[in-house]
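Structure record follows, encoded as structure tokens.
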Amino acid sequence: MTGGGTSIPTELGTKPIGALIKQYAIPGIIAMTASSLYNMVDSVYIGHIPDVGSLSIAGLAVTFPLMNISTAFGTLVGVGAATMISVLLGQKNYGTASKVLCNDVTLNIITGIVFTLVTLLWMDPILRFFGASDATLPFARDYMTIIAIGNAVTHLYFGLNAIVRSSGNPKLAMGLTLFTVTSNAILDPIFIFTLGMGIRGAAIATVLCQCMALAYTMRYFLNQKRFLHLPRSLKIFRVDWRIAMDSLAIGMGPFLMNLASCIVVLFVNQQLGKWGGDMAIGACGIVNRLSFLFIMIVMGFNQGMQPIAGYNYGARQYARVKEVYVKTAAWASLVTFLGFIVSFFLSRQCAMIFTEDPLLVEKASRGLRITNAAFAIVGFQMVTTNLFQCLGMVKKSIFLSLSRQLLFLLPCIYLLPALLESEEGVWLSFPISDTLSAIITGALAWNLLLKLGRLKDGDDPSILGGQI
């Protein structure tokens, strides 16, 4: 992993958009794909623990809502800081960018510690609320206790990794992610099988890998020769609350999206537990892991788009903002279309990667086909939501983030299983909500493109509904 990145990334405003997308998105795609495989490796190893693999998978699925809450608070701090830094670099405001970086460190530590304390104090009631049964609770508890203890490290690592990428060094961000994936794949079987720690060993391996990656990241930002760096003093912990509130406002969209994901998974687990039992919850965990692989690739495109769009919006180069959005949306849609193809034609083979239990394979295979029936349009939705976030249009970003999950998905999850008297009602809720939210997303995207088309480079962007 090389350190690079000591110069200001002015190429974001001058280099051809297609070349920039390749330069920034490919490392992001590799990193996010690796991150997805990072989670899948845990699930694959856990699913093959002798005698208890199926219950372990179900227990792991129960922890997803709680982990989504942790991710929500991490994105509240990290995404806002990364977005602000991209725009500030475009404005050549390097002093404020460094202050944002310091704020990111302190706020991530605070949120991470608070989450750890709350989780450890009320672990069992929280997990039962999220769908744990007597059979799956011990596995969920063993895994989540270790993850919660390392939560501050997780928050800080992912937050700083996003800033490494936004400050013009996507290859280093990718390298750090690849390191965590590779080391986790090596340590997982050692802790799970060789040392006989089971699901707890998977969690220990995860936290250890993130600790090592964070140590390198901190070393990177403590280099005083970099244009964006942390001071080697207690000033690192000072919070500028004006900057902090601006950062949190930008991060509110993805925060609410992840929080909504938690609520959705909670309802999904409860409904699947009611209509299909622990195996249905385990099947949902497998479906999520497989779908997440394609979603993370799209998130890699989003990560590549974020510094390019943010920088050029800050520099008032609107034609370049429009171009990067259109090209990113096209590529992301192709990815989710491929996800639909895999889900429909290879569902059984995909499920068998995680388990040999025939009942779990059957439930996961059918769930994957139904859940991703409209998956092809998800890429476009994700990129559009991310664009509004990049441009600081907080209200629209939040609305798009929440419309699919709260406005459409939750009512379907609540009503369809009862109407059909089957767990299939849960699976059908996803393509229905994807289709409805795509219509709204398309309308807002079209309106934004029209406004971008009316702006000339250098114009005041207030016509678009607000500045960052």
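Going through the structure tokens in order, the chains are called A, B, and so on, while each chain numbers its residues from 1 and the ligands are numbered from 1 in the order shown.
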Can you check which parts of stretch 39-85 of chain A lie within 6 Å of stretch 250-273 of chain A? Per residue, the shortest pair of atoms and distance in Å to one decimal, counting only C-alpha atoms, sorted by chain and number, as CSV.
```
residue,atom,partner,partner_atom,distance
A:Pro65,CA,A:Cys262,CA,4.4
A:Asn68,CA,A:Cys262,CA,5.4
A:Ile69,CA,A:Leu259,CA,5.7
A:Ala72,CA,A:Phe255,CA,4.5
A:Thr75,CA,A:Phe255,CA,5.7
A:Leu76,CA,A:Gly251,CA,4.3
A:Val79,CA,A:Gly251,CA,5.3
A:Gly80,CA,A:Gly251,CA,4.1
```
Output file for the selection above: N, CA and C atoms, as a PDB file, in the first residue's frame:
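The resulting again18.pdb:
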```
ATOM      1  N   PRO A  65     -29.901  -6.221  11.732  1.00  0.00           N
ATOM      2  CA  PRO A  65     -30.475  -4.919  12.077  1.00  0.00           C
ATOM      3  C   PRO A  65     -29.587  -4.112  13.010  1.00  0.00           C
ATOM      4  N   ASN A  68     -26.788  -2.765  11.107  1.00  0.00           N
ATOM      5  CA  ASN A  68     -27.261  -1.650  10.279  1.00  0.00           C
ATOM      6  C   ASN A  68     -27.340  -0.352  11.071  1.00  0.00           C
ATOM      7  N   ILE A  69     -27.729  -0.451  12.340  1.00  0.00           N
ATOM      8  CA  ILE A  69     -27.766   0.733  13.196  1.00  0.00           C
ATOM      9  C   ILE A  69     -26.359   1.280  13.376  1.00  0.00           C
ATOM     10  N   ALA A  72     -25.378   2.955  10.278  1.00  0.00           N
ATOM     11  CA  ALA A  72     -26.107   4.220  10.141  1.00  0.00           C
ATOM     12  C   ALA A  72     -25.374   5.355  10.837  1.00  0.00           C
ATOM     13  N   THR A  75     -22.132   6.175   8.932  1.00  0.00           N
ATOM     14  CA  THR A  75     -22.336   6.971   7.721  1.00  0.00           C
ATOM     15  C   THR A  75     -22.779   8.395   8.043  1.00  0.00           C
ATOM     16  N   LEU A  76     -23.507   8.570   9.149  1.00  0.00           N
ATOM     17  CA  LEU A  76     -23.924   9.914   9.563  1.00  0.00           C
ATOM     18  C   LEU A  76     -22.712  10.823   9.699  1.00  0.00           C
ATOM     19  N   VAL A  79     -19.826   9.836   5.893  1.00  0.00           N
ATOM     20  CA  VAL A  79     -20.234  10.248   4.547  1.00  0.00           C
ATOM     21  C   VAL A  79     -20.287  11.767   4.440  1.00  0.00           C
ATOM     22  N   GLY A  80     -20.825  12.412   5.469  1.00  0.00           N
ATOM     23  CA  GLY A  80     -20.891  13.871   5.445  1.00  0.00           C
ATOM     24  C   GLY A  80     -19.510  14.496   5.393  1.00  0.00           C
TER      25      GLY A  80
END
```
Review point. Residues at most 9 Å from stretch 188-197 of chain A, counting only C-alpha atoms, excluding those fewer than 6 positions away in the same chain, as a list in words?
Key: Val41, Asp42, Tyr45, Ile46, Ile49, Ala203, Ile204, Ala205 and Thr206 of chain A
Exercise for review: Can you pull out every residue within 12 Å of stretch 217-228 of chain A, counting only C-alpha atoms, but drop anything in the same chain fewer than 2 positions away, and send it as a PyMOL selection string?
Suggested key: chain A and resi 1-9+85-86+88-89+92-102+105+153+156-169+172-177+179+210-215+230-233+236
Point to revise | Near-stretch 405-422 of chain A list (6 Å; only C-alpha atoms; drop same-chain fewer than 5 positions) as a VMD selection string | key: chain A and resid 275 429 433
Check your understanding: What is the distance, in Å and to one decimal place, between atom CA of A:Phe129 and atom CA of A:Leu208?
Key -> 28.5 Å
Point to revise | For stretch 306-319 of chain A: contacts at 8 Å, only C-alpha atoms, fewer than 4 positions along chain excluded, given as number ranges by chain | key: A: 12-13, 20, 83, 86-91, 165-168, 302, 323-325, 386-387, 390-391, 452-453, 455-461
Take the residues from that selection and write them out as a PDB file, in the first residue's frame, keeping N, CA and C atoms.
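And here is the file that came out, again.pdb:
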```
ATOM      1  N   LEU A  12      -9.472  16.372 -10.895  1.00  0.00           N
ATOM      2  CA  LEU A  12     -10.911  16.136 -10.798  1.00  0.00           C
ATOM      3  C   LEU A  12     -11.700  17.164 -11.602  1.00  0.00           C
ATOM      4  N   GLY A  13     -11.118  18.331 -11.813  1.00  0.00           N
ATOM      5  CA  GLY A  13     -11.812  19.365 -12.564  1.00  0.00           C
ATOM      6  C   GLY A  13     -11.370  19.516 -13.997  1.00  0.00           C
ATOM      7  N   LEU A  20     -11.693   9.657 -15.431  1.00  0.00           N
ATOM      8  CA  LEU A  20     -11.801   9.832 -13.977  1.00  0.00           C
ATOM      9  C   LEU A  20     -12.659   8.745 -13.341  1.00  0.00           C
ATOM     10  N   THR A  83     -17.921  13.947   1.893  1.00  0.00           N
ATOM     11  CA  THR A  83     -18.551  14.807   0.892  1.00  0.00           C
ATOM     12  C   THR A  83     -18.091  16.249   1.044  1.00  0.00           C
ATOM     13  N   SER A  86     -14.502  16.735  -0.273  1.00  0.00           N
ATOM     14  CA  SER A  86     -14.428  16.780  -1.735  1.00  0.00           C
ATOM     15  C   SER A  86     -14.781  18.161  -2.266  1.00  0.00           C
ATOM     16  N   VAL A  87     -15.864  18.733  -1.741  1.00  0.00           N
ATOM     17  CA  VAL A  87     -16.304  20.054  -2.209  1.00  0.00           C
ATOM     18  C   VAL A  87     -15.323  21.137  -1.779  1.00  0.00           C
ATOM     19  N   LEU A  88     -14.824  21.051  -0.539  1.00  0.00           N
ATOM     20  CA  LEU A  88     -13.872  22.046  -0.046  1.00  0.00           C
ATOM     21  C   LEU A  88     -12.578  22.017  -0.849  1.00  0.00           C
ATOM     22  N   LEU A  89     -12.145  20.840  -1.279  1.00  0.00           N
ATOM     23  CA  LEU A  89     -10.955  20.762  -2.124  1.00  0.00           C
ATOM     24  C   LEU A  89     -11.210  21.417  -3.476  1.00  0.00           C
ATOM     25  N   GLY A  90     -12.443  21.231  -4.000  1.00  0.00           N
ATOM     26  CA  GLY A  90     -12.803  21.901  -5.247  1.00  0.00           C
ATOM     27  C   GLY A  90     -12.792  23.409  -5.105  1.00  0.00           C
ATOM     28  N   GLN A  91     -13.127  23.877  -3.891  1.00  0.00           N
ATOM     29  CA  GLN A  91     -13.113  25.313  -3.604  1.00  0.00           C
ATOM     30  C   GLN A  91     -11.739  25.800  -3.155  1.00  0.00           C
ATOM     31  N   ARG A 165     -10.176   8.228   0.163  1.00  0.00           N
ATOM     32  CA  ARG A 165     -10.644   8.164  -1.228  1.00  0.00           C
ATOM     33  C   ARG A 165     -11.070   9.548  -1.721  1.00  0.00           C
ATOM     34  N   SER A 166     -11.798  10.304  -0.905  1.00  0.00           N
ATOM     35  CA  SER A 166     -12.312  11.606  -1.332  1.00  0.00           C
ATOM     36  C   SER A 166     -11.213  12.642  -1.490  1.00  0.00           C
ATOM     37  N   SER A 167     -10.094  12.435  -0.807  1.00  0.00           N
ATOM     38  CA  SER A 167      -9.003  13.403  -0.885  1.00  0.00           C
ATOM     39  C   SER A 167      -8.062  13.121  -2.051  1.00  0.00           C
ATOM     40  N   GLY A 168      -8.428  12.188  -2.916  1.00  0.00           N
ATOM     41  CA  GLY A 168      -7.657  11.966  -4.130  1.00  0.00           C
ATOM     42  C   GLY A 168      -6.738  10.772  -4.109  1.00  0.00           C
ATOM     43  N   ASN A 302     -20.576   4.608  -6.929  1.00  0.00           N
ATOM     44  CA  ASN A 302     -20.958   5.821  -6.203  1.00  0.00           C
ATOM     45  C   ASN A 302     -19.762   6.483  -5.543  1.00  0.00           C
ATOM     46  N   GLU A 323     -22.395  14.916 -16.638  1.00  0.00           N
ATOM     47  CA  GLU A 323     -21.771  13.817 -17.380  1.00  0.00           C
ATOM     48  C   GLU A 323     -21.394  12.657 -16.466  1.00  0.00           C
ATOM     49  N   VAL A 324     -20.835  12.962 -15.314  1.00  0.00           N
ATOM     50  CA  VAL A 324     -20.421  11.875 -14.420  1.00  0.00           C
ATOM     51  C   VAL A 324     -21.632  11.130 -13.875  1.00  0.00           C
ATOM     52  N   TYR A 325     -22.733  11.846 -13.667  1.00  0.00           N
ATOM     53  CA  TYR A 325     -23.952  11.179 -13.195  1.00  0.00           C
ATOM     54  C   TYR A 325     -24.506  10.225 -14.245  1.00  0.00           C
ATOM     55  N   ASN A 386     -27.375   9.087  -4.477  1.00  0.00           N
ATOM     56  CA  ASN A 386     -26.023   9.507  -4.127  1.00  0.00           C
ATOM     57  C   ASN A 386     -25.677  10.853  -4.741  1.00  0.00           C
ATOM     58  N   LEU A 387     -26.179  11.128  -5.948  1.00  0.00           N
ATOM     59  CA  LEU A 387     -25.894  12.417  -6.576  1.00  0.00           C
ATOM     60  C   LEU A 387     -26.468  13.568  -5.752  1.00  0.00           C
ATOM     61  N   CYS A 390     -24.240  14.117  -2.925  1.00  0.00           N
ATOM     62  CA  CYS A 390     -22.984  14.754  -3.318  1.00  0.00           C
ATOM     63  C   CYS A 390     -23.140  16.258  -3.509  1.00  0.00           C
ATOM     64  N   LEU A 391     -24.301  16.673  -3.975  1.00  0.00           N
ATOM     65  CA  LEU A 391     -24.545  18.086  -4.252  1.00  0.00           C
ATOM     66  C   LEU A 391     -25.107  18.821  -3.041  1.00  0.00           C
ATOM     67  N   LEU A 452     -29.551  21.262 -14.370  1.00  0.00           N
ATOM     68  CA  LEU A 452     -28.124  21.267 -14.681  1.00  0.00           C
ATOM     69  C   LEU A 452     -27.872  21.730 -16.113  1.00  0.00           C
ATOM     70  N   GLY A 453     -28.777  21.369 -17.008  1.00  0.00           N
ATOM     71  CA  GLY A 453     -28.645  21.786 -18.401  1.00  0.00           C
ATOM     72  C   GLY A 453     -28.793  23.277 -18.590  1.00  0.00           C
ATOM     73  N   LEU A 455     -27.813  25.556 -16.343  1.00  0.00           N
ATOM     74  CA  LEU A 455     -26.711  26.265 -15.712  1.00  0.00           C
ATOM     75  C   LEU A 455     -25.492  26.312 -16.617  1.00  0.00           C
ATOM     76  N   LYS A 456     -24.845  27.452 -16.661  1.00  0.00           N
ATOM     77  CA  LYS A 456     -23.569  27.588 -17.340  1.00  0.00           C
ATOM     78  C   LYS A 456     -22.460  27.503 -16.301  1.00  0.00           C
ATOM     79  N   ASP A 457     -21.322  26.985 -16.697  1.00  0.00           N
ATOM     80  CA  ASP A 457     -20.205  26.875 -15.767  1.00  0.00           C
ATOM     81  C   ASP A 457     -19.892  28.230 -15.146  1.00  0.00           C
ATOM     82  N   GLY A 458     -19.763  28.246 -13.835  1.00  0.00           N
ATOM     83  CA  GLY A 458     -19.487  29.481 -13.107  1.00  0.00           C
ATOM     84  C   GLY A 458     -20.716  30.129 -12.523  1.00  0.00           C
ATOM     85  N   ASP A 459     -21.930  29.683 -12.920  1.00  0.00           N
ATOM     86  CA  ASP A 459     -23.158  30.271 -12.382  1.00  0.00           C
ATOM     87  C   ASP A 459     -23.346  29.907 -10.911  1.00  0.00           C
ATOM     88  N   ASP A 460     -24.099  30.748 -10.193  1.00  0.00           N
ATOM     89  CA  ASP A 460     -24.494  30.435  -8.822  1.00  0.00           C
ATOM     90  C   ASP A 460     -25.455  29.247  -8.856  1.00  0.00           C
ATOM     91  N   PRO A 461     -25.194  28.177  -8.074  1.00  0.00           N
ATOM     92  CA  PRO A 461     -26.014  26.971  -8.163  1.00  0.00           C
ATOM     93  C   PRO A 461     -27.300  27.009  -7.340  1.00  0.00           C
TER      94      PRO A 461
END
```
